[in-house]
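Down below is the structure, laid out as structure tokens.
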There are 2 protein chains.
Amino acid sequence: MGTSLLVTGSIGIDSVTTPHGVSENCLGGSSVYFSMAASFFTPVRLIGVIGPDCPFDLAQVFAGRDVDLAGLEVRQNSKTFRWKGIYSTDMDQRTTDLLELNVLAEAPPVVPPQFKDSTFVFLANTSPILQLELLSQIDAPHFIAADTMDCWIEGNLNDLQKLLERIHCLVINEDEARQLADERNLITAAEKILTMGPGILVIKKGESGSLTCCVDGQKFLLPAYPATEVKDPTGAGDSFAGALMGYLSSLDAADKSSFEALKTAVAYGTVVASFAVGDFSLKGLTSITKNDINDRFETLRQITQF
Amino acid sequence: MGTSLLVTGSIGIDSVTTPHGVSENCLGGSSVYFSMAASFFTPVRLIGVIGPDCPFDLAQVFAGRDVDLAGLEVRQNSKTFRWKGIYSTDMDQRTTDLLELNVLAEAPPVVPPQFKDSTFVFLANTSPILQLELLSQIDAPHFIAADTMDCWIEGNLNDLQKLLERIHCLVINEDEARQLADERNLITAAEKILTMGPGILVIKKGESGSLTCCVDGQKFLLPAYPATEVKDPTGAGDSFAGALMGYLSSLDAADKSSFEALKTAVAYGTVVASFAVGDFSLKGLTSITKNDINDRFETLRQITQF
């Protein structure tokens, strides 16, 4: 009954260094940022795996939010995904110092029976084989969005192409778009990607905002929210996707598929991402209310319209 | 009587190499791009100096356009400014291979008596001493805008600060804004620059569009026009400024100073710049009509509003 947005992606222990400080062994992972962002708009069903070493109580992390953790598996004899990264002075580049896939390199989690009726699905970045395997466990999703990254475009293009034929919306960053299309001009790259399967392509451009293109030729360009406080870019893209999917999922069925709704969803994604980067780990998202989001949404509208 | 937009800047012989080709010894220079762009909106008065070696007949170049060349000086025993540059594969970086200031290193041109009543003035990039000197020759300008670049920020900050106190609007790119404010965050940088004199700051961000900030706190963010044809970025910034100033200058006095007018002016700047980069030298601007500009303006509005 009601909305059923499902996300599957990583849950990790992050150590992050930016010009504004260091955050050691904090909670991270694509599905965590996504769920936190989406929960401002709609109930969320989270699928993910951790090891018994995970020091975070996710029930506590999501307390008071409508995030269903029935799909959270604690796998014995395994270990939680770990990532350690350092951002450049400009925070537009990052170096991975340590990457321990651990449980992410094993079999994917199982979708619990009560999640199989999910209608909105977000497949956060992971191997396209795993993304396809997870997708096959959902009965009849209406709207499937996915993320991917350079290593799959390079090393697993065949499976990625199979995935692209199955999804409705691809949410990637601009370098990934250029790489996937093998084309430098972003508009031309977008047009090429839209022939590969998804009807909607959302290209995240960081500080430069986003470009949304549809297979029918409609386009939407939106600048990033002009935040003065940027402390930690980790999770910005997943927060963007979370708010986007959360907003769309919250609409009545008749409104969900309009281009107007998609534009509003992208604007909410932009605003929530601007909060996510305002502090380390999830603090930028846990310290705000829906009113804060709506205030920035109105500001964003005001400063971009002419 | 009527509108009186004056521009002073370089007129040059350019040789440009981009991934799309080579254009040897073509007409360039900030005042030339500016005048061509502005002439779609309003009459233009051009001030500039060339040597007798200049192979271009500017009267021919601007034939059919309302560009008054009474301020064009052909200085005997001197030589025209020459620039030779190569753009990177992505066209987001350029290397200067040859820079001969020639006549630009000499005394500035003289403003003819009939131009002294100009009310709108654009001081394209050159030494702030020359910009101040040229400005002192105008009787009572209502609206003064200027451009500058890294070498003056680095080497001539005192004079640049004097200039900033005299002008109403600074139009610079994002690297220059960060350098001038000594601040990485662009919003914070903008706020700092607005304490230095100009009431309006327009920051050009290339492919990422522009950010306009006013001293009263009003802001406007606009993405770049999503052009698929980008052959030569030379002159994009001057074309942007030309259309911006040309549009503002064309308005009735009562409308000129509104923020709405400024936003429309920035949008026209964005659109005209997108045509300027579509071909080598001035061809991107000379091959279009005002209707082409208005069509892209409407498209830009449509794809950015939500």
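Ligands are numbered from 1 in the order shown, residues from 1 within each chain, and chains are lettered A, B, ... in the order they appear in the structure tokens.
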> Quick one: which residues from chain B are at most 10 Å off chain A, using only C-alpha atoms, as a PyMOL selection string?
Replying inline: chain B and resi 89-90+184-189+205+207-213+218-230+259-264+266-267+299-306
>> So that I can check the surroundings of region 192-200 of chain A, please list as a PyMOL selection string every protein, DNA and RNA residue that reaches within 8 Å of it, counting only C-alpha atoms and ignoring chain neighbours fewer than 3 positions away.
In response: chain A and resi 161+164-170+177+180-181+188-189+212-216
Produce a file of the selected residues containing N, CA and C atoms, as a PDB file, in the first residue's frame.
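File produced: part03.pdb:
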ATOM      1  N   GLN A 161      25.376  -2.158 -20.220  1.00  0.00           N
ATOM      2  CA  GLN A 161      24.414  -1.926 -21.303  1.00  0.00           C
ATOM      3  C   GLN A 161      23.117  -2.694 -21.081  1.00  0.00           C
ATOM      4  N   LEU A 164      21.266  -0.668 -18.589  1.00  0.00           N
ATOM      5  CA  LEU A 164      20.699   0.560 -19.175  1.00  0.00           C
ATOM      6  C   LEU A 164      19.387   0.270 -19.913  1.00  0.00           C
ATOM      7  N   GLU A 165      19.305  -0.927 -20.503  1.00  0.00           N
ATOM      8  CA  GLU A 165      18.064  -1.283 -21.209  1.00  0.00           C
ATOM      9  C   GLU A 165      16.901  -1.542 -20.259  1.00  0.00           C
ATOM     10  N   ARG A 166      17.235  -1.797 -18.991  1.00  0.00           N
ATOM     11  CA  ARG A 166      16.194  -2.108 -18.021  1.00  0.00           C
ATOM     12  C   ARG A 166      15.692  -0.887 -17.225  1.00  0.00           C
ATOM     13  N   ILE A 167      16.497   0.192 -17.180  1.00  0.00           N
ATOM     14  CA  ILE A 167      16.154   1.291 -16.269  1.00  0.00           C
ATOM     15  C   ILE A 167      15.475   2.455 -16.996  1.00  0.00           C
ATOM     16  N   HIS A 168      14.779   3.279 -16.226  1.00  0.00           N
ATOM     17  CA  HIS A 168      14.092   4.444 -16.778  1.00  0.00           C
ATOM     18  C   HIS A 168      14.918   5.713 -16.670  1.00  0.00           C
ATOM     19  N   CYS A 169      15.831   5.733 -15.700  1.00  0.00           N
ATOM     20  CA  CYS A 169      16.543   6.976 -15.415  1.00  0.00           C
ATOM     21  C   CYS A 169      17.961   6.664 -14.961  1.00  0.00           C
ATOM     22  N   LEU A 170      18.936   7.304 -15.604  1.00  0.00           N
ATOM     23  CA  LEU A 170      20.330   7.150 -15.192  1.00  0.00           C
ATOM     24  C   LEU A 170      20.788   8.458 -14.557  1.00  0.00           C
ATOM     25  N   ALA A 177      29.433  10.587 -17.815  1.00  0.00           N
ATOM     26  CA  ALA A 177      28.617  10.747 -19.023  1.00  0.00           C
ATOM     27  C   ALA A 177      29.503  10.835 -20.259  1.00  0.00           C
ATOM     28  N   LEU A 180      31.022   7.339 -20.846  1.00  0.00           N
ATOM     29  CA  LEU A 180      30.046   6.363 -21.347  1.00  0.00           C
ATOM     30  C   LEU A 180      29.703   6.623 -22.811  1.00  0.00           C
ATOM     31  N   ALA A 181      29.603   7.903 -23.172  1.00  0.00           N
ATOM     32  CA  ALA A 181      29.239   8.251 -24.550  1.00  0.00           C
ATOM     33  C   ALA A 181      30.458   8.361 -25.449  1.00  0.00           C
ATOM     34  N   THR A 188      25.760  16.475 -26.602  1.00  0.00           N
ATOM     35  CA  THR A 188      25.869  15.373 -27.557  1.00  0.00           C
ATOM     36  C   THR A 188      26.015  14.047 -26.816  1.00  0.00           C
ATOM     37  N   ALA A 189      26.812  14.044 -25.735  1.00  0.00           N
ATOM     38  CA  ALA A 189      26.977  12.838 -24.923  1.00  0.00           C
ATOM     39  C   ALA A 189      25.630  12.383 -24.374  1.00  0.00           C
ATOM     40  N   THR A 212      19.460  17.795 -17.074  1.00  0.00           N
ATOM     41  CA  THR A 212      18.514  16.689 -17.197  1.00  0.00           C
ATOM     42  C   THR A 212      18.007  16.648 -18.638  1.00  0.00           C
ATOM     43  N   CYS A 213      18.097  15.486 -19.262  1.00  0.00           N
ATOM     44  CA  CYS A 213      17.654  15.350 -20.651  1.00  0.00           C
ATOM     45  C   CYS A 213      16.700  14.169 -20.763  1.00  0.00           C
ATOM     46  N   CYS A 214      15.670  14.341 -21.575  1.00  0.00           N
ATOM     47  CA  CYS A 214      14.727  13.252 -21.821  1.00  0.00           C
ATOM     48  C   CYS A 214      14.810  12.817 -23.270  1.00  0.00           C
ATOM     49  N   VAL A 215      14.390  11.583 -23.495  1.00  0.00           N
ATOM     50  CA  VAL A 215      14.491  11.015 -24.833  1.00  0.00           C
ATOM     51  C   VAL A 215      13.582  11.763 -25.819  1.00  0.00           C
ATOM     52  N   ASP A 216      12.558  12.467 -25.317  1.00  0.00           N
ATOM     53  CA  ASP A 216      11.697  13.254 -26.193  1.00  0.00           C
ATOM     54  C   ASP A 216      12.281  14.637 -26.499  1.00  0.00           C
TER      55      ASP A 216
END
> Can you list, as a list in words, every protein, DNA or RNA residue that comes within 8 Å of Asp66 (chain B) when you count only C-alpha atoms, leaving out same-chain residues fewer than 4 positions away?
Replying inline: Ser39, Thr42, Pro43, Val44 and Phe62 of chain B
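The helix (DSSP H, G or I) portion of region 178-218 of chain A consists of Arg178, Gln179, Leu180, Ala181, Leu186, Ile187, Thr188, Ala189, Ala190, Glu191, Lys192, Ile193, Gly206, Glu207 and Ser208 of chain A, with states taken from DSSP on the backbone.
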> Neighbours of region 7-22 of chain B within 8 Å (only C-alpha atoms; same-chain residues fewer than 3 positions away dropped), as a PyMOL selection string?
Replying inline: chain B and resi 25-32+34-35+44-50+54+80-89+91+104+121-126+134+231-232
Selection from above, N, CA and C atoms, as a short mmCIF file (atom, residue, chain, number, x, y, z; two decimals), in the first residue's frame, can you write it?
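Okay, result.cif is ready:
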data_model
loop_
_atom_site.label_atom_id
_atom_site.label_comp_id
_atom_site.auth_asym_id
_atom_site.auth_seq_id
_atom_site.Cartn_x
_atom_site.Cartn_y
_atom_site.Cartn_z
N ASN B 25 45.75 34.69 -38.43
CA ASN B 25 45.65 36.11 -38.74
C ASN B 25 44.22 36.58 -38.98
N CYS B 26 43.36 36.24 -38.04
CA CYS B 26 41.97 36.67 -38.16
C CYS B 26 41.73 37.86 -37.23
N LEU B 27 40.64 38.56 -37.46
CA LEU B 27 40.32 39.73 -36.65
C LEU B 27 39.86 39.27 -35.26
N GLY B 28 40.40 39.94 -34.25
CA GLY B 28 40.00 39.66 -32.88
C GLY B 28 40.11 40.93 -32.03
N GLY B 29 40.12 40.73 -30.73
CA GLY B 29 40.23 41.88 -29.82
C GLY B 29 38.93 42.10 -29.08
N SER B 30 39.07 42.51 -27.81
CA SER B 30 37.91 42.61 -26.93
C SER B 30 36.87 43.62 -27.45
N SER B 31 37.32 44.78 -27.95
CA SER B 31 36.35 45.80 -28.35
C SER B 31 35.62 45.39 -29.63
N VAL B 32 36.26 44.56 -30.43
CA VAL B 32 35.64 44.11 -31.68
C VAL B 32 34.52 43.11 -31.38
N PHE B 34 33.02 42.76 -28.51
CA PHE B 34 32.02 43.49 -27.74
C PHE B 34 31.09 44.28 -28.67
N SER B 35 31.69 45.02 -29.60
CA SER B 35 30.88 45.89 -30.48
C SER B 35 29.95 45.07 -31.36
N VAL B 44 26.67 51.51 -31.12
CA VAL B 44 27.90 51.36 -30.34
C VAL B 44 28.94 52.38 -30.82
N ARG B 45 29.68 52.92 -29.88
CA ARG B 45 30.81 53.80 -30.20
C ARG B 45 32.09 53.06 -29.81
N LEU B 46 32.95 52.83 -30.77
CA LEU B 46 34.16 52.05 -30.51
C LEU B 46 35.38 52.96 -30.42
N ILE B 47 36.18 52.72 -29.37
CA ILE B 47 37.46 53.42 -29.21
C ILE B 47 38.56 52.38 -29.26
N GLY B 48 39.52 52.56 -30.14
CA GLY B 48 40.62 51.61 -30.19
C GLY B 48 41.72 52.09 -31.12
N VAL B 49 42.87 51.45 -31.02
CA VAL B 49 44.02 51.83 -31.85
C VAL B 49 44.58 50.62 -32.58
N ILE B 50 44.92 50.83 -33.84
CA ILE B 50 45.62 49.80 -34.61
C ILE B 50 46.84 50.44 -35.27
N CYS B 54 47.47 46.70 -39.95
CA CYS B 54 46.22 45.96 -39.75
C CYS B 54 45.55 45.67 -41.09
N THR B 80 49.85 46.79 -34.92
CA THR B 80 48.62 46.25 -34.32
C THR B 80 48.96 45.16 -33.30
N PHE B 81 48.16 45.10 -32.27
CA PHE B 81 48.25 44.04 -31.25
C PHE B 81 48.07 42.66 -31.90
N ARG B 82 48.94 41.74 -31.51
CA ARG B 82 48.85 40.37 -32.05
C ARG B 82 48.81 39.35 -30.93
N TRP B 83 47.99 38.35 -31.11
CA TRP B 83 47.88 37.26 -30.12
C TRP B 83 47.76 35.92 -30.84
N LYS B 84 48.49 34.95 -30.33
CA LYS B 84 48.44 33.61 -30.91
C LYS B 84 48.20 32.64 -29.76
N GLY B 85 47.14 31.87 -29.83
CA GLY B 85 46.81 30.98 -28.72
C GLY B 85 46.36 29.61 -29.18
N ILE B 86 46.56 28.65 -28.28
CA ILE B 86 46.16 27.27 -28.56
C ILE B 86 45.25 26.79 -27.44
N TYR B 87 44.10 26.26 -27.79
CA TYR B 87 43.18 25.72 -26.79
C TYR B 87 43.42 24.23 -26.59
N SER B 88 43.20 23.79 -25.35
CA SER B 88 43.35 22.37 -25.00
C SER B 88 42.23 21.56 -25.64
N THR B 89 42.36 20.25 -25.59
CA THR B 89 41.37 19.34 -26.16
C THR B 89 39.96 19.66 -25.65
N MET B 91 39.07 22.53 -24.53
CA MET B 91 38.86 23.96 -24.75
C MET B 91 38.58 24.73 -23.46
N LEU B 104 49.19 48.61 -28.04
CA LEU B 104 48.51 48.59 -26.73
C LEU B 104 49.46 48.98 -25.60
N VAL B 121 29.32 52.95 -20.52
CA VAL B 121 30.72 52.77 -20.88
C VAL B 121 31.18 51.37 -20.49
N PHE B 122 31.82 50.69 -21.41
CA PHE B 122 32.46 49.41 -21.07
C PHE B 122 33.96 49.53 -21.29
N LEU B 123 34.71 49.29 -20.21
CA LEU B 123 36.17 49.33 -20.27
C LEU B 123 36.66 47.89 -20.32
N ALA B 124 36.93 47.41 -21.53
CA ALA B 124 37.40 46.04 -21.67
C ALA B 124 38.77 45.91 -21.02
N ASN B 125 39.19 44.67 -20.83
CA ASN B 125 40.43 44.40 -20.10
C ASN B 125 41.63 45.11 -20.70
N THR B 126 42.30 45.88 -19.87
CA THR B 126 43.62 46.45 -20.17
C THR B 126 44.15 46.96 -18.83
N LEU B 134 41.06 56.56 -19.72
CA LEU B 134 40.01 56.65 -20.72
C LEU B 134 38.71 57.13 -20.09
N LYS B 231 33.40 25.72 -31.39
CA LYS B 231 34.61 25.59 -32.21
C LYS B 231 35.76 26.46 -31.74
N ASP B 232 35.44 27.63 -31.16
CA ASP B 232 36.50 28.58 -30.79
C ASP B 232 35.99 29.49 -29.67
#
